[in-house]
Amino acid sequence: MRIGLTGGAATTDGVARQAELAEQQGFTSLWYASNVTADPLVSMAIAGRETSRIELGTAVLQTYPCHPLMQAHRVIAAANAMGRPGFTFGLGPSHAAVVEGMYGLSYAHPGRNTEEYLSILTAVLHGKPVNVTGVDWSAHAVGGPAPQHPVPVLLSALSPRMLRIAGAIADGTVLWMASAKAIESQIAPTITAAAQAAGRPAPRIVAGLPVAVHDDEAKARSAIADTAGIYATMPNYKRIIEIGGGTTPADIAIVGNEASVRTQLQHLLDAGATDIWVQPVAVGRDKAERTTSKTRTIDLLCELL
């Protein structure tokens, strides 16, 4: 199995140490949120220089606050500073509450906005000239230097329109809170059909979910509810959770003993996922119990690599 973990630490040194350990353990990737060390790109570049194989990806950087031309240049700089293949750019339009509430921008047309954004950004990442006059984004620039190594682009796509955009323009999708049922019924068929229609290769589908290996499933789901409950309040996640057969993140998280979790992870791949992104969730009343719980989850994942 291609299994990655959530990446992140309080400091850049911590990010680098985590990457070194994850690579030693055999994990294929680490995925960094936009707020890791305030902005993950510098820390990822440094972590990439301290490792040799592990894929380091953003999951995800937000589109609205940064012009696609500038965003592409930031990513090229970070990927080149990393000095080796393995940088993957995951991005997405975020949520109305963030874009309108925090940034004061309109979230009226996220599909159109994202399609224009990706059209500009992917051209720049391939070193091509850009001449786009859009409704939301425009860019006019001669082709500049491309990254020294290819940078795959994955779109955070949960709705049918976003999945069609991901299949047609990006290299795939990086998901969060999408169960095997949601992947099989909506995500994999939609993005694959869009990629085929555009004459593009089969897309990557990175499936991200909370995971806890624990004998008491009720306790494990309670721990997940404590750490991931906020996603049930976000419309985009709420819809995909419901499509996946749940009402809360805890419902569609992967929990159980080793045999059960192994089976559930395989179900993600059988449903169409190409990669698995695990957020290990520690379960327990105190630090010692939580450490033991998380270690048990990591140990199983290492067996599956």
# chains A, B, ... in the order shown; residues from 1 in each chain; ligands from 1

$ closest_atom_pairs --of "segment 53-87 of chain A" --to "segment 153-161 of chain A" --cutoff "10 Å" --atoms "only C-alpha atoms" --output "tab-separated table"
residue	atom	partner	partner_atom	distance
A:Gly57	CA	A:Leu154	CA	9.2
A:Thr58	CA	A:Leu154	CA	9.0
A:Ala59	CA	A:Ser156	CA	7.8
A:Val60	CA	A:Ser156	CA	7.2
A:Leu61	CA	A:Ser156	CA	9.5
A:Gln62	CA	A:Ser156	CA	9.7
A:Phe87	CA	A:Val153	CA	9.6

$ residues_around --residues "Thr247 of chain A" --least-positions-apart "2" --cutoff "12 Å" --atoms "only C-alpha atoms" --output "VMD selection string"
chain A and resid 177 179 225 229 231 to 235 237 to 245 249 to 253

$ select_by_dssp --residues "segment 33-80 of chain A" --states "strand (DSSP E)" --output "number ranges by chain"
A: 55-58, 61-62

$ residues_around --residues "Met82 of chain A" --least-positions-apart "4" --cutoff "8 Å" --atoms "only C-alpha atoms" --output "mmCIF file with C-alpha atoms, in the first residue's frame"
data_model
loop_
_atom_site.group_PDB
_atom_site.id
_atom_site.type_symbol
_atom_site.label_atom_id
_atom_site.label_comp_id
_atom_site.auth_asym_id
_atom_site.auth_seq_id
_atom_site.Cartn_x
_atom_site.Cartn_y
_atom_site.Cartn_z
ATOM 1 C CA MET A 44 9.003 21.372 3.184
ATOM 2 C CA ALA A 45 11.979 22.468 1.102
ATOM 3 C CA ILE A 46 14.314 22.004 4.061
ATOM 4 C CA ALA A 47 12.743 18.651 4.959
ATOM 5 C CA GLY A 48 13.194 17.591 1.351
ATOM 6 C CA ARG A 49 16.901 18.317 1.543
ATOM 7 C CA ALA A 78 10.288 25.660 -2.936
ATOM 8 C CA PHE A 87 7.321 17.830 -4.258
#

$ residues_around --residues "segment 196-200 of chain A" --least-positions-apart "2" --cutoff "6 Å" --atoms "only C-alpha atoms" --output "list in words"
Ala168, Ala193 and Ala194 of chain A

$ atom_distance --atom1 "atom CA of Ala79 of chain A" --atom2 "atom CA of Thr12 of chain A"
16.1 Å

$ select_by_dssp --residues "segment 47-276 of chain A" --states "helix (DSSP H, G or I)" --output "NGL selection string"
:A and (47-49 or 68-82 or 96-101 or 110-125 or 160-169 or 180-197 or 217-233 or 235-243 or 249-252 or 258-271)

$ residues_around --residues "Lys219 of chain A" --least-positions-apart "2" --cutoff "12 Å" --atoms "only C-alpha atoms" --output "short mmCIF file (atom, residue, chain, number, x, y, z; two decimals) with all heavy atoms, in the first residue's frame"
data_model
loop_
_atom_site.label_atom_id
_atom_site.label_comp_id
_atom_site.auth_asym_id
_atom_site.auth_seq_id
_atom_site.Cartn_x
_atom_site.Cartn_y
_atom_site.Cartn_z
N ALA A 212 -7.60 5.12 13.64
CA ALA A 212 -7.22 4.74 15.00
C ALA A 212 -7.36 3.23 15.15
O ALA A 212 -8.45 2.68 14.99
CB ALA A 212 -8.08 5.44 16.04
N VAL A 213 -6.24 2.55 15.42
CA VAL A 213 -6.28 1.13 15.74
C VAL A 213 -6.55 1.01 17.23
O VAL A 213 -5.73 1.41 18.06
CB VAL A 213 -4.96 0.43 15.36
CG1 VAL A 213 -5.01 -1.05 15.76
CG2 VAL A 213 -4.70 0.57 13.86
N HIS A 214 -7.71 0.47 17.58
CA HIS A 214 -8.12 0.40 18.98
C HIS A 214 -9.20 -0.65 19.13
O HIS A 214 -10.03 -0.84 18.23
CB HIS A 214 -8.64 1.77 19.44
CG HIS A 214 -8.61 1.97 20.91
ND1 HIS A 214 -9.62 1.56 21.76
CD2 HIS A 214 -7.67 2.54 21.71
CE1 HIS A 214 -9.30 1.89 22.99
NE2 HIS A 214 -8.12 2.47 22.99
N ASP A 215 -9.20 -1.34 20.25
CA ASP A 215 -10.18 -2.40 20.48
C ASP A 215 -11.57 -1.87 20.84
O ASP A 215 -12.57 -2.55 20.62
CB ASP A 215 -9.70 -3.35 21.58
CG ASP A 215 -8.44 -4.11 21.17
OD1 ASP A 215 -8.36 -4.50 19.98
OD2 ASP A 215 -7.54 -4.28 22.00
N ASP A 216 -11.61 -0.66 21.40
CA ASP A 216 -12.88 -0.07 21.78
C ASP A 216 -13.25 0.97 20.71
O ASP A 216 -12.79 2.11 20.74
CB ASP A 216 -12.78 0.59 23.15
CG ASP A 216 -14.12 1.03 23.71
OD1 ASP A 216 -15.00 1.43 22.91
OD2 ASP A 216 -14.30 0.98 24.95
N GLU A 217 -14.10 0.57 19.76
CA GLU A 217 -14.43 1.46 18.65
C GLU A 217 -15.17 2.70 19.12
O GLU A 217 -14.98 3.79 18.56
CB GLU A 217 -15.26 0.72 17.60
CG GLU A 217 -14.48 -0.34 16.86
CD GLU A 217 -15.22 -0.87 15.64
OE1 GLU A 217 -16.17 -0.19 15.19
OE2 GLU A 217 -14.86 -1.95 15.15
N ARG A 221 -13.95 6.42 18.19
CA ARG A 221 -14.79 7.40 17.47
C ARG A 221 -15.01 8.66 18.30
O ARG A 221 -15.11 9.76 17.76
CB ARG A 221 -16.10 6.76 17.05
CG ARG A 221 -15.93 5.65 16.02
CD ARG A 221 -17.22 5.23 15.36
NE ARG A 221 -17.03 4.01 14.59
CZ ARG A 221 -16.50 3.97 13.36
NH1 ARG A 221 -16.13 5.09 12.77
NH2 ARG A 221 -16.36 2.81 12.73
N SER A 222 -15.06 8.50 19.60
CA SER A 222 -15.19 9.67 20.46
C SER A 222 -13.96 10.56 20.38
O SER A 222 -14.06 11.80 20.33
CB SER A 222 -15.42 9.23 21.92
OG SER A 222 -15.50 10.34 22.78
N ALA A 223 -12.78 9.95 20.35
CA ALA A 223 -11.54 10.72 20.21
C ALA A 223 -11.50 11.45 18.88
O ALA A 223 -11.05 12.60 18.79
CB ALA A 223 -10.34 9.79 20.36
N ILE A 224 -11.98 10.80 17.83
CA ILE A 224 -12.01 11.45 16.51
C ILE A 224 -13.01 12.60 16.50
O ILE A 224 -12.75 13.66 15.94
CB ILE A 224 -12.33 10.40 15.43
CG1 ILE A 224 -11.14 9.45 15.27
CG2 ILE A 224 -12.67 11.07 14.10
CD1 ILE A 224 -11.44 8.19 14.50
N ALA A 225 -14.14 12.39 17.16
CA ALA A 225 -15.13 13.47 17.24
C ALA A 225 -14.55 14.69 17.95
O ALA A 225 -14.85 15.83 17.58
CB ALA A 225 -16.38 12.98 17.97
N ASP A 226 -13.71 14.45 18.95
CA ASP A 226 -13.11 15.56 19.69
C ASP A 226 -12.12 16.35 18.85
O ASP A 226 -11.93 17.56 19.06
CB ASP A 226 -12.39 15.03 20.94
CG ASP A 226 -13.36 14.52 22.00
OD1 ASP A 226 -14.55 14.89 21.94
OD2 ASP A 226 -12.91 13.75 22.88
N ALA A 250 -16.55 11.21 12.64
CA ALA A 250 -16.32 9.96 13.36
C ALA A 250 -17.00 8.78 12.70
O ALA A 250 -16.53 7.64 12.79
CB ALA A 250 -16.79 10.11 14.81
N VAL A 255 -11.62 2.91 12.09
CA VAL A 255 -11.30 2.50 13.45
C VAL A 255 -11.53 1.00 13.60
O VAL A 255 -12.29 0.39 12.84
CB VAL A 255 -12.14 3.27 14.51
CG1 VAL A 255 -11.93 4.77 14.38
CG2 VAL A 255 -13.61 2.92 14.38
N GLY A 256 -10.89 0.43 14.61
CA GLY A 256 -11.06 -0.99 14.89
C GLY A 256 -9.73 -1.64 15.22
O GLY A 256 -8.71 -0.96 15.35
N VAL A 281 -4.98 9.03 14.97
CA VAL A 281 -5.67 9.66 16.10
C VAL A 281 -5.34 8.88 17.36
O VAL A 281 -5.54 7.66 17.43
CB VAL A 281 -7.20 9.68 15.88
CG1 VAL A 281 -7.90 10.27 17.10
CG2 VAL A 281 -7.52 10.50 14.63
N ALA A 282 -4.82 9.58 18.36
CA ALA A 282 -4.47 8.96 19.64
C ALA A 282 -5.71 8.85 20.51
O ALA A 282 -6.47 9.80 20.64
CB ALA A 282 -3.39 9.77 20.34
N VAL A 283 -5.89 7.69 21.13
CA VAL A 283 -7.05 7.43 21.96
C VAL A 283 -6.58 7.13 23.38
O VAL A 283 -5.67 6.31 23.57
CB VAL A 283 -7.86 6.23 21.43
CG1 VAL A 283 -9.12 6.02 22.26
CG2 VAL A 283 -8.20 6.42 19.96
N GLY A 284 -7.16 7.77 24.37
CA GLY A 284 -6.78 7.48 25.75
C GLY A 284 -7.07 8.61 26.70
O GLY A 284 -7.29 9.76 26.29
N ARG A 285 -7.06 8.28 27.99
CA ARG A 285 -7.38 9.27 29.02
C ARG A 285 -6.18 10.12 29.40
O ARG A 285 -6.33 11.22 29.92
CB ARG A 285 -7.90 8.55 30.27
CG ARG A 285 -9.23 7.82 30.08
CD ARG A 285 -9.52 6.90 31.24
NE ARG A 285 -8.51 5.84 31.33
CZ ARG A 285 -8.51 4.88 32.24
NH1 ARG A 285 -9.46 4.86 33.18
NH2 ARG A 285 -7.56 3.95 32.24
N ARG A 290 -2.50 7.59 25.26
CA ARG A 290 -2.57 8.14 23.90
C ARG A 290 -1.32 7.79 23.09
O ARG A 290 -1.40 7.49 21.90
CB ARG A 290 -2.78 9.65 23.95
CG ARG A 290 -4.18 10.05 24.47
CD ARG A 290 -4.45 11.51 24.27
NE ARG A 290 -3.59 12.34 25.12
CZ ARG A 290 -3.88 12.71 26.35
NH1 ARG A 290 -5.02 12.31 26.90
NH2 ARG A 290 -3.06 13.48 27.04
N SER A 293 -1.59 4.18 22.07
CA SER A 293 -2.60 4.05 21.01
C SER A 293 -2.03 4.48 19.66
O SER A 293 -2.18 3.76 18.65
CB SER A 293 -3.82 4.91 21.37
OG SER A 293 -4.67 5.06 20.25
#

$ closest_residue --among "A:Leu91, A:Ala96, A:Ile3, A:Val206" --to "Ala33 of chain A" --atoms "only C-alpha atoms"
A:Leu91

$ atom_distance --atom1 "atom CA of Gly14 of chain A" --atom2 "atom CA of Thr37 of chain A"
9.8 Å

$ residues_around --residues "segment 128-141 of chain A" --least-positions-apart "4" --cutoff "6 Å" --atoms "only C-alpha atoms" --output "list in words"
Asn113, Ala123 and Val124 of chain A

$ write_last_selection --atoms "N, CA, C and O atoms" --output "PDB file, in the first residue's frame"
ATOM      1  N   ASN A 113     -13.821  30.059 -10.472  1.00  0.00           N
ATOM      2  CA  ASN A 113     -12.595  30.621  -9.917  1.00  0.00           C
ATOM      3  C   ASN A 113     -11.469  29.594  -9.962  1.00  0.00           C
ATOM      4  O   ASN A 113     -10.336  29.896 -10.370  1.00  0.00           O
ATOM      5  N   ALA A 123      -0.025  25.966 -16.409  1.00  0.00           N
ATOM      6  CA  ALA A 123       0.789  26.418 -17.540  1.00  0.00           C
ATOM      7  C   ALA A 123       2.145  26.917 -17.054  1.00  0.00           C
ATOM      8  O   ALA A 123       3.188  26.583 -17.628  1.00  0.00           O
ATOM      9  N   VAL A 124       2.140  27.706 -15.999  1.00  0.00           N
ATOM     10  CA  VAL A 124       3.396  28.242 -15.466  1.00  0.00           C
ATOM     11  C   VAL A 124       4.293  27.113 -14.963  1.00  0.00           C
ATOM     12  O   VAL A 124       5.515  27.112 -15.189  1.00  0.00           O
TER      13      VAL A 124
END

$ closest_residue --among "A:Tyr107, A:Trp31, A:Tyr64, A:Phe89" --to "Thr122 of chain A" --atoms "only C-alpha atoms"
A:Phe89

$ closest_residue --among "A:Ile120, A:Ala228, A:Ile169, A:Ala271" --to "Ser185 of chain A" --atoms "only C-alpha atoms"
A:Ala271
